[in-house]
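Q: Hey, dropping entry-v5.pdb in here, PDB, C-alpha atoms:
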```pdb
MODEL        1
ATOM      1  CA  MET A 252     112.284 150.770  88.307
ATOM      2  CA  GLN A 253     114.697 147.939  89.033
ATOM      3  CA  ASP A 254     118.260 148.645  90.090
ATOM      4  CA  LEU A 255     120.524 147.615  87.201
ATOM      5  CA  THR A 256     123.760 147.403  89.180
ATOM      6  CA  HIS A 257     123.177 144.001  90.828
ATOM      7  CA  GLY A 258     120.764 141.118  90.611
ATOM      8  CA  CYS A 259     119.879 137.644  91.814
ATOM      9  CA  CYS A 260     118.574 134.503  90.145
ATOM     10  CA  THR A 261     114.954 133.973  91.221
ATOM     11  CA  LEU A 262     114.266 131.178  88.721
ATOM     12  CA  SER A 263     115.428 127.582  89.069
ATOM     13  CA  HIS A 264     118.382 128.377  86.791
ATOM     14  CA  ILE A 265     119.189 130.897  84.072
ATOM     15  CA  PRO A 266     121.549 130.533  81.092
ATOM     16  CA  LEU A 267     124.584 132.766  80.740
ATOM     17  CA  ARG A 268     125.574 133.225  77.101
ATOM     18  CA  ALA A 269     128.802 134.171  75.365
ATOM     19  CA  SER A 270     127.162 137.215  73.772
ATOM     20  CA  GLY A 271     123.837 139.042  73.849
ATOM     21  CA  SER A 272     121.824 136.681  71.671
ATOM     22  CA  HIS A 273     119.610 133.660  72.293
ATOM     23  CA  ARG A 274     121.537 131.977  69.466
ATOM     24  CA  SER A 275     124.836 132.467  71.295
ATOM     25  CA  GLU A 276     126.341 129.467  73.090
ATOM     26  CA  MET A 277     125.552 128.959  76.760
ATOM     27  CA  VAL A 278     128.807 129.255  78.692
ATOM     28  CA  SER A 279     127.402 128.732  82.199
ATOM     29  CA  GLN A 280     124.266 129.030  84.315
ATOM     30  CA  LEU A 281     123.098 130.995  87.314
ATOM     31  CA  LEU A 282     121.369 128.869  89.932
ATOM     32  CA  PHE A 283     118.579 130.009  92.228
ATOM     33  CA  GLY A 284     119.834 132.374  94.926
ATOM     34  CA  GLU A 285     123.104 133.217  93.178
ATOM     35  CA  SER A 286     123.767 136.920  92.727
ATOM     36  CA  TYR A 287     125.691 138.892  90.160
ATOM     37  CA  ARG A 288     127.006 142.328  89.280
ATOM     38  CA  VAL A 289     125.823 144.088  86.123
ATOM     39  CA  LEU A 290     128.713 145.315  83.965
ATOM     40  CA  ALA A 291     126.745 146.708  81.026
ATOM     41  CA  ALA A 292     123.121 146.759  79.901
ATOM     42  CA  THR A 293     121.026 147.140  76.782
ATOM     43  CA  GLU A 294     117.262 146.887  76.477
ATOM     44  CA  GLU A 295     117.388 143.108  75.939
ATOM     45  CA  TRP A 296     120.689 141.901  77.452
ATOM     46  CA  LEU A 297     122.877 142.431  80.503
ATOM     47  CA  GLU A 298     126.564 141.596  80.691
ATOM     48  CA  VAL A 299     127.129 140.273  84.220
ATOM     49  CA  GLU A 300     129.780 138.846  86.512
ATOM     50  CA  THR A 301     128.677 136.222  89.023
ATOM     51  CA  ASP A 302     129.496 136.689  92.701
ATOM     52  CA  PHE A 303     130.025 132.982  93.358
ATOM     53  CA  ASP A 304     132.678 132.144  90.752
ATOM     54  CA  HIS A 305     133.329 135.530  89.078
ATOM     55  CA  TYR A 306     132.306 134.154  85.689
ATOM     56  CA  ARG A 307     131.172 136.552  82.990
ATOM     57  CA  GLY A 308     128.368 136.113  80.514
ATOM     58  CA  PHE A 309     125.222 137.651  79.066
ATOM     59  CA  LEU A 310     121.836 137.407  80.787
ATOM     60  CA  ALA A 311     118.482 138.075  79.114
ATOM     61  CA  ALA A 312     117.053 141.285  80.572
ATOM     62  CA  ASN A 313     113.618 139.692  81.071
ATOM     63  CA  GLN A 314     115.214 137.145  83.449
ATOM     64  CA  HIS A 315     116.980 139.811  85.526
ATOM     65  CA  TYR A 316     115.761 140.529  89.061
ATOM     66  CA  GLY A 317     117.441 143.754  90.114
ATOM     67  CA  LEU A 318     118.693 144.385  93.630
ATOM     68  CA  SER A 319     120.880 146.833  95.461
ATOM     69  CA  GLU A 320     124.335 145.531  96.326
ATOM     70  CA  ALA A 321     123.401 145.298 100.018
ATOM     71  CA  ASP A 322     120.356 143.143  99.234
ATOM     72  CA  CYS A 323     122.230 140.511  97.199
ATOM     73  CA  PRO A 324     121.933 137.346  99.352
ATOM     74  CA  ILE A 325     125.453 136.082  98.746
ATOM     75  CA  ARG A 326     126.846 139.436  99.885
ATOM     76  CA  GLN A 327     124.953 139.488 103.170
ATOM     77  CA  ASP A 328     126.709 138.491 106.378
ATOM     78  CA  ILE A 329     124.383 135.548 106.969
ATOM     79  CA  PRO A 330     124.990 131.788 106.723
ATOM     80  CA  LEU A 331     123.952 130.387 103.369
ATOM     81  CA  THR A 332     122.356 126.963 103.089
ATOM     82  CA  CYS A 333     123.021 125.076  99.875
ATOM     83  CA  ALA A 334     120.466 122.705  98.368
ATOM     84  CA  LEU A 335     121.740 119.116  98.457
ATOM     85  CA  GLU A 336     119.002 117.744  96.187
ATOM     86  CA  PRO A 337     116.184 119.177  94.036
ATOM     87  CA  LEU A 338     113.830 121.164  96.277
ATOM     88  CA  ARG A 339     110.371 122.615  95.768
ATOM     89  CA  LEU A 340     109.814 126.288  96.582
ATOM     90  CA  ARG A 341     106.702 128.450  96.533
ATOM     91  CA  CYS A 342     106.759 132.208  96.007
ATOM     92  CA  GLU A 343     104.407 133.796  98.523
ATOM     93  CA  ASN A 344     104.028 136.920  96.379
ATOM     94  CA  ASN A 345     102.355 135.203  93.432
ATOM     95  CA  GLY A 346     101.856 131.551  94.409
ATOM     96  CA  LEU A 347     104.190 130.281  91.687
ATOM     97  CA  ARG A 348     106.169 127.130  92.404
ATOM     98  CA  LEU A 349     109.585 126.108  91.173
ATOM     99  CA  THR A 350     112.033 123.254  91.630
ATOM    100  CA  VAL A 351     115.578 124.406  92.354
ATOM    101  CA  PRO A 352     118.600 122.199  91.599
ATOM    102  CA  PRO A 353     121.225 120.861  93.984
ATOM    103  CA  SER A 354     123.832 123.514  94.887
ATOM    104  CA  ALA A 355     121.259 126.320  94.557
ATOM    105  CA  ALA A 356     121.845 128.990  97.229
ATOM    106  CA  LEU A 357     119.191 129.138  99.949
ATOM    107  CA  PRO A 358     119.617 132.327 102.010
ATOM    108  CA  LEU A 359     117.217 131.216 104.756
ATOM    109  CA  ASP A 360     116.176 133.677 107.453
ATOM    110  CA  LYS A 361     115.252 132.885 111.060
ATOM    111  CA  GLU A 362     111.742 131.956 109.922
ATOM    112  CA  ASN A 363     113.186 129.472 107.423
ATOM    113  CA  ARG A 364     112.030 131.622 104.530
ATOM    114  CA  ILE A 365     114.043 132.918 101.605
ATOM    115  CA  ARG A 366     113.792 136.654 101.054
ATOM    116  CA  ILE A 367     115.244 138.100  97.860
ATOM    117  CA  GLY A 368     114.353 141.744  97.543
ATOM    118  CA  LYS A 369     110.562 141.951  97.784
ATOM    119  CA  LEU A 370     110.119 138.263  96.940
ATOM    120  CA  VAL A 371     109.525 135.714  99.689
ATOM    121  CA  PHE A 372     109.893 131.966  99.060
ATOM    122  CA  THR A 373     108.882 129.120 101.348
ATOM    123  CA  LEU A 374     110.238 125.581 101.249
ATOM    124  CA  GLU A 375     107.787 122.878 100.262
ATOM    125  CA  SER A 376     110.453 120.174 100.602
ATOM    126  CA  ASP A 377     112.271 119.026 103.696
ATOM    127  CA  LEU A 378     115.938 119.944 104.044
ATOM    128  CA  ARG A 379     117.437 116.495 104.531
ATOM    129  CA  PRO A 380     121.043 115.941 105.541
ATOM    130  CA  LEU A 381     122.664 113.923 102.761
ATOM    131  CA  ARG A 382     125.995 112.144 102.667
ATOM    132  CA  LEU A 383     128.305 112.797  99.737
ATOM    133  CA  PRO A 384     127.565 109.456  98.011
ATOM    134  CA  ASP A 385     123.853 110.357  98.072
ATOM    135  CA  ILE A 386     124.582 113.806  96.672
ATOM    136  CA  LEU A 387     126.614 112.234  93.859
ATOM    137  CA  ALA A 388     123.700 109.898  93.142
ATOM    138  CA  ASN A 389     121.557 112.969  92.350
ATOM    139  CA  TYR A 390     123.928 113.766  89.486
ATOM    140  CA  THR A 391     124.618 110.260  88.160
ATOM    141  CA  ASN A 392     123.336 109.854  84.582
ATOM    142  CA  ALA A 393     122.732 113.604  84.223
ATOM    143  CA  PRO A 394     123.042 114.374  80.483
ATOM    144  CA  TYR A 395     125.991 116.361  79.175
ATOM    145  CA  LEU A 396     125.157 119.981  78.391
ATOM    146  CA  TRP A 397     127.815 122.538  77.519
ATOM    147  CA  GLY A 398     127.693 125.253  80.177
ATOM    148  CA  GLY A 399     125.247 123.321  82.385
ATOM    149  CA  ARG A 400     125.420 123.111  86.184
ATOM    150  CA  THR A 401     122.311 121.093  87.090
ATOM    151  CA  PRO A 402     121.241 117.418  87.046
ATOM    152  CA  TRP A 403     119.030 118.317  84.084
ATOM    153  CA  GLY A 404     122.155 118.989  82.020
ATOM    154  CA  MET A 405     125.762 119.762  82.943
ATOM    155  CA  ASP A 406     129.321 119.748  81.685
ATOM    156  CA  CYS A 407     132.362 118.178  83.333
ATOM    157  CA  SER A 408     133.518 121.194  85.346
ATOM    158  CA  GLY A 409     129.943 122.192  86.142
ATOM    159  CA  PHE A 410     129.595 118.778  87.778
ATOM    160  CA  THR A 411     132.717 119.043  89.948
ATOM    161  CA  GLN A 412     131.952 122.662  90.843
ATOM    162  CA  ALA A 413     128.374 121.837  91.860
ATOM    163  CA  VAL A 414     129.342 118.927  94.120
ATOM    164  CA  TYR A 415     132.107 120.903  95.809
ATOM    165  CA  LYS A 416     129.646 123.761  96.358
ATOM    166  CA  THR A 417     127.379 121.437  98.355
ATOM    167  CA  GLN A 418     130.361 120.974 100.693
ATOM    168  CA  GLY A 419     130.842 124.713 101.152
ATOM    169  CA  ILE A 420     133.845 124.924  98.816
ATOM    170  CA  ALA A 421     133.881 127.323  95.861
ATOM    171  CA  LEU A 422     135.671 126.129  92.733
ATOM    172  CA  PRO A 423     136.243 128.207  89.588
ATOM    173  CA  ARG A 424     133.936 127.482  86.678
ATOM    174  CA  ASP A 425     136.198 125.848  84.063
ATOM    175  CA  ALA A 426     138.405 122.746  84.273
ATOM    176  CA  SER A 427     141.554 124.685  83.370
ATOM    177  CA  MET A 428     140.857 127.102  86.250
ATOM    178  CA  GLN A 429     140.096 124.311  88.722
ATOM    179  CA  ALA A 430     143.378 122.595  87.807
ATOM    180  CA  LEU A 431     145.317 125.522  89.272
ATOM    181  CA  LEU A 432     144.063 124.687  92.772
ATOM    182  CA  GLY A 433     145.216 122.132  95.307
ATOM    183  CA  LYS A 434     148.220 119.842  95.558
ATOM    184  CA  GLU A 435     149.258 117.477  92.787
ATOM    185  CA  ILE A 436     149.416 113.857  93.928
ATOM    186  CA  PRO A 437     150.204 110.495  92.291
ATOM    187  CA  LEU A 438     147.261 108.489  90.975
ATOM    188  CA  ALA A 439     147.990 105.731  93.499
ATOM    189  CA  GLN A 440     147.332 108.191  96.339
ATOM    190  CA  ALA A 441     144.040 109.485  94.935
ATOM    191  CA  ARG A 442     141.165 109.476  97.415
ATOM    192  CA  PHE A 443     137.424 109.973  97.198
ATOM    193  CA  GLY A 444     136.805 113.603  96.209
ATOM    194  CA  ASP A 445     140.151 114.345  94.584
ATOM    195  CA  LEU A 446     139.903 115.775  91.081
ATOM    196  CA  ALA A 447     141.498 114.393  87.930
ATOM    197  CA  PHE A 448     142.293 116.635  84.967
ATOM    198  CA  PHE A 449     142.755 115.633  81.343
ATOM    199  CA  ARG A 450     144.415 117.294  78.355
ATOM    200  CA  ASN A 451     143.722 117.331  74.644
ATOM    201  CA  GLU A 452     146.205 116.717  71.841
ATOM    202  CA  ASN A 453     147.429 120.331  72.156
ATOM    203  CA  GLY A 454     148.155 119.959  75.869
ATOM    204  CA  ARG A 455     145.198 122.099  76.997
ATOM    205  CA  ILE A 456     143.181 120.957  80.013
ATOM    206  CA  THR A 457     139.689 120.311  78.717
ATOM    207  CA  HIS A 458     138.147 117.743  81.070
ATOM    208  CA  THR A 459     137.860 116.933  84.763
ATOM    209  CA  GLY A 460     136.269 114.308  86.973
ATOM    210  CA  TRP A 461     135.658 113.213  90.559
ATOM    211  CA  MET A 462     137.913 110.432  91.832
ATOM    212  CA  LEU A 463     136.046 107.612  93.576
ATOM    213  CA  SER A 464     139.204 105.577  94.177
ATOM    214  CA  PRO A 465     142.662 105.217  92.546
ATOM    215  CA  ASP A 466     141.098 103.231  89.705
ATOM    216  CA  ARG A 467     137.546 104.635  89.399
ATOM    217  CA  ILE A 468     136.299 108.065  88.325
ATOM    218  CA  LEU A 469     132.895 109.757  88.070
ATOM    219  CA  HIS A 470     132.818 112.315  85.271
ATOM    220  CA  CYS A 471     130.480 113.922  82.763
ATOM    221  CA  SER A 472     131.111 112.645  79.256
ATOM    222  CA  GLY A 473     127.855 112.163  77.391
ATOM    223  CA  ARG A 474     126.375 111.754  80.849
ATOM    224  CA  VAL A 475     127.664 111.635  84.408
ATOM    225  CA  ARG A 476     129.127 108.140  84.446
ATOM    226  CA  GLU A 477     131.579 105.907  86.285
ATOM    227  CA  ASP A 478     134.590 104.656  84.347
ATOM    228  CA  ARG A 479     138.039 103.180  84.983
ATOM    229  CA  ILE A 480     141.150 105.320  85.218
ATOM    230  CA  ASP A 481     144.842 104.426  84.982
ATOM    231  CA  GLU A 482     148.137 106.277  84.556
ATOM    232  CA  LYS A 483     147.295 107.037  80.931
ATOM    233  CA  GLY A 484     143.739 108.262  81.423
ATOM    234  CA  ILE A 485     140.101 107.176  81.334
ATOM    235  CA  VAL A 486     139.039 103.784  80.023
ATOM    236  CA  ARG A 487     135.318 103.675  79.274
ATOM    237  CA  ILE A 488     133.170 100.946  80.775
ATOM    238  CA  PRO A 489     132.061  98.504  79.381
ATOM    239  CA  ASP A 490     133.838  98.625  75.981
ATOM    240  CA  ASP A 491     137.391  99.438  77.257
ATOM    241  CA  VAL A 492     137.805 102.391  74.898
ATOM    242  CA  ARG A 493     140.334 104.993  76.059
ATOM    243  CA  THR A 494     138.597 108.371  75.961
ATOM    244  CA  HIS A 495     140.697 110.967  77.846
ATOM    245  CA  THR A 496     144.435 111.510  78.448
ATOM    246  CA  LEU A 497     145.415 112.090  82.077
ATOM    247  CA  HIS A 498     147.174 115.360  82.915
ATOM    248  CA  CYS A 499     147.252 115.314  86.729
ATOM    249  CA  ILE A 500     145.423 114.490  89.961
ATOM    250  CA  LYS A 501     144.796 117.281  92.457
ATOM    251  CA  HIS A 502     143.872 117.065  96.142
ATOM    252  CA  ILE A 503     141.670 120.083  96.873
ATOM    253  CA  ALA A 504     140.119 119.286 100.255
ATOM    254  CA  ASP A 505     139.426 116.410 102.640
ATOM    255  CA  LEU A 506     135.884 115.313 101.834
ATOM    256  CA  SER A 507     135.686 111.697 103.007
TER     257      SER A 507
ENDMDL
END
```
Can the structure in the file be given as structure tokens, please?
A:
Amino acid sequence: MQDLTHGCCTLSHIPLRASGSHRSEMVSQLLFGESYRVLAATEEWLEVETDFDHYRGFLAANQHYGLSEADCPIRQDIPLTCALEPLRLRCENNGLRLTVPPSAALPLDKENRIRIGKLVFTLESDLRPLRLPDILANYTNAPYLWGGRTPWGMDCSGFTQAVYKTQGIALPRDASMQALLGKEIPLAQARFGDLAFFRNENGRITHTGWMLSPDRILHCSGRVREDRIDEKGIVRIPDDVRTHTLHCIKHIADLS
């Protein structure tokens, strides 16, 4: 019988929902190799808290892979490799193959295998060193998906969180949480990798994006796209429609 106190994502990605129902909205996703703590369980649903960003949601019980706390990869005192692009894996136990997204956790052992509980995965793709512009290219044109964190569908904060994760930096899940980090700077001083945050008509932070330069931003709105930015906010290319109101620019880390 599986241990119901902890678990790890052994699929490419798994939805986390607002409540225990497949009809409930997806609020985030677990990516391959990410572990979690089980808070409560029924026959069909588990309420969990992720170890990476401490986000809570509901996980379908038939997608749960139970582990002891000591066996959760993210909790082990070993270096974790992060996927920089989609990678192919093969499970040695059953021969099944899967493609994991960028920013998936890869707890590789000395034999370059991934061991999660009794499951053993081997890489069928090469681990290539990628520069940040190449990593960003993997996400460009990814469709918008509320709660998504992969190039196959993501939201604005899922995008910024995923790219920062590839650089070994953990950001909170939502834009309003990310906006609490770092040092506020003027737009004119914005550098590649700084984050811009945007507010709605009620003053709530509801959007974020990756600064490319003081006048260009990469953000997920409909899709991951490049647009112009000025002191007032985002101006969509190519029709010059203003879409988001600027709240602040934050410098989180030196990434250039």
Q: Around (130.7, 119.8, 82.5) in the file's frame, which residues reach within 10 Å when counting all atoms listed in the file? Return as a PyMOL selection string?
A: chain A and resi 279+394-401+404-413+424-426+457-460+470-475
Q: Emit the selected residues as a JSON list (two decimals), in the coordinates of the input, including C-alpha atoms.
A:
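Here's the written file part39.json:
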```json
[["chain", "number", "residue", "atom", "x", "y", "z"],
["A", 279, "SER", "CA", 127.40, 128.73, 82.20],
["A", 394, "PRO", "CA", 123.04, 114.37, 80.48],
["A", 395, "TYR", "CA", 125.99, 116.36, 79.18],
["A", 396, "LEU", "CA", 125.16, 119.98, 78.39],
["A", 397, "TRP", "CA", 127.82, 122.54, 77.52],
["A", 398, "GLY", "CA", 127.69, 125.25, 80.18],
["A", 399, "GLY", "CA", 125.25, 123.32, 82.38],
["A", 400, "ARG", "CA", 125.42, 123.11, 86.18],
["A", 401, "THR", "CA", 122.31, 121.09, 87.09],
["A", 404, "GLY", "CA", 122.16, 118.99, 82.02],
["A", 405, "MET", "CA", 125.76, 119.76, 82.94],
["A", 406, "ASP", "CA", 129.32, 119.75, 81.68],
["A", 407, "CYS", "CA", 132.36, 118.18, 83.33],
["A", 408, "SER", "CA", 133.52, 121.19, 85.35],
["A", 409, "GLY", "CA", 129.94, 122.19, 86.14],
["A", 410, "PHE", "CA", 129.60, 118.78, 87.78],
["A", 411, "THR", "CA", 132.72, 119.04, 89.95],
["A", 412, "GLN", "CA", 131.95, 122.66, 90.84],
["A", 413, "ALA", "CA", 128.37, 121.84, 91.86],
["A", 424, "ARG", "CA", 133.94, 127.48, 86.68],
["A", 425, "ASP", "CA", 136.20, 125.85, 84.06],
["A", 426, "ALA", "CA", 138.40, 122.75, 84.27],
["A", 457, "THR", "CA", 139.69, 120.31, 78.72],
["A", 458, "HIS", "CA", 138.15, 117.74, 81.07],
["A", 459, "THR", "CA", 137.86, 116.93, 84.76],
["A", 460, "GLY", "CA", 136.27, 114.31, 86.97],
["A", 470, "HIS", "CA", 132.82, 112.32, 85.27],
["A", 471, "CYS", "CA", 130.48, 113.92, 82.76],
["A", 472, "SER", "CA", 131.11, 112.64, 79.26],
["A", 473, "GLY", "CA", 127.86, 112.16, 77.39],
["A", 474, "ARG", "CA", 126.38, 111.75, 80.85],
["A", 475, "VAL", "CA", 127.66, 111.64, 84.41]]
```
Q: The residues within 12 Å of (129.7, 146.5, 81.5), using only C-alpha atoms and the coordinates of the file, should be reported as a PyMOL selection string; which are they?
A: chain A and resi 255-257+288-293+296-300+307-309
Q: Mind telling me what the PyMOL selection byres ((chain A and resi 421) around 8) catches here, as a ChimeraX atom specification?
A: /A:303-304,412,415-416,419-420,422-423
Q: Residue by residue, what does the PyMOL selection byres ((chain A and resi 342) around 10) grab here? Present the result as a PyMOL selection string.
A: chain A and resi 261+340-341+343-349+365-366+370-374
Q: In Å, rounded to a single decimal, give me how far CA of Pro402 (chain A) is from CA of Asp360 (chain A).
A: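 Computing it gives 26.6 Å between the two atoms.
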Q: What do you get, as a VMD selection string, if you spell out every residue that the PyMOL selection byres ((chain A and resi 505) around 9) selects here?
A: chain A and resid 442 to 445 502 to 504 506 to 507
Q: Region 477-495 of chain A, all listed atoms, 6 Å padding on each side: what axis-aligned box centre and edge lengths in Å to one decimal come out, as lines of an AutoDock Vina configuration file?
A:
```
center_x = 139.9
center_y = 104.7
center_z = 80.6
size_x = 28.6
size_y = 24.5
size_z = 23.4
```
Q: Quick one: distance from CA of Ala388 (chain A) to CA of Ile500 (chain A) in Å, one decimal?
A: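 Taking CA of Ala388 (chain A) and CA of Ile500 (chain A), their separation equals 22.4 Å.
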Q: Tell me, in Å to one decimal, how far CA of Asn313 (chain A) is from CA of His273 (chain A).
A: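 CA of His273 (chain A) lies 12.2 Å from CA of Asn313 (chain A).
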Q: Taking all atoms listed in the file into account, which of A:Arg467, A:His315, A:Arg364, A:His305 comes nearest Thr332 (chain A)?
A: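 Counting all atoms listed in the file, the residue closest to Thr332 (chain A) is A:Arg364.
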Q: Tell me which of A:Ile485, A:Leu378, A:Ala441, A:Arg450 sits closest to Pro465 (chain A), counting all atoms listed in the file.
A: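 Of the candidates, the smallest distance to Pro465 (chain A) is held by A:Ala441.
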Q: Pro380 (chain A): which residues within 10 Å, counting all atoms listed in the file, same-chain residues fewer than 6 positions away excluded, as a ChimeraX atom specification?
A: /A:334-336,386
Q: In terms of the shortest atom-to-atom distance over only C-alpha atoms, which of A:Gln440, A:Arg339, A:Cys259, A:Glu295 is closest to Ala321 (chain A)?
A: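 Ranked by minimum distance to Ala321 (chain A), first place goes to A:Cys259.
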Q: Which residue out of A:Cys260, A:Leu381, A:Leu432, A:Leu469 has the minimum interatomic distance to Gln280 (chain A) when only C-alpha atoms are used?
A: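 Closest to Gln280 (chain A) of all the choices is A:Cys260.
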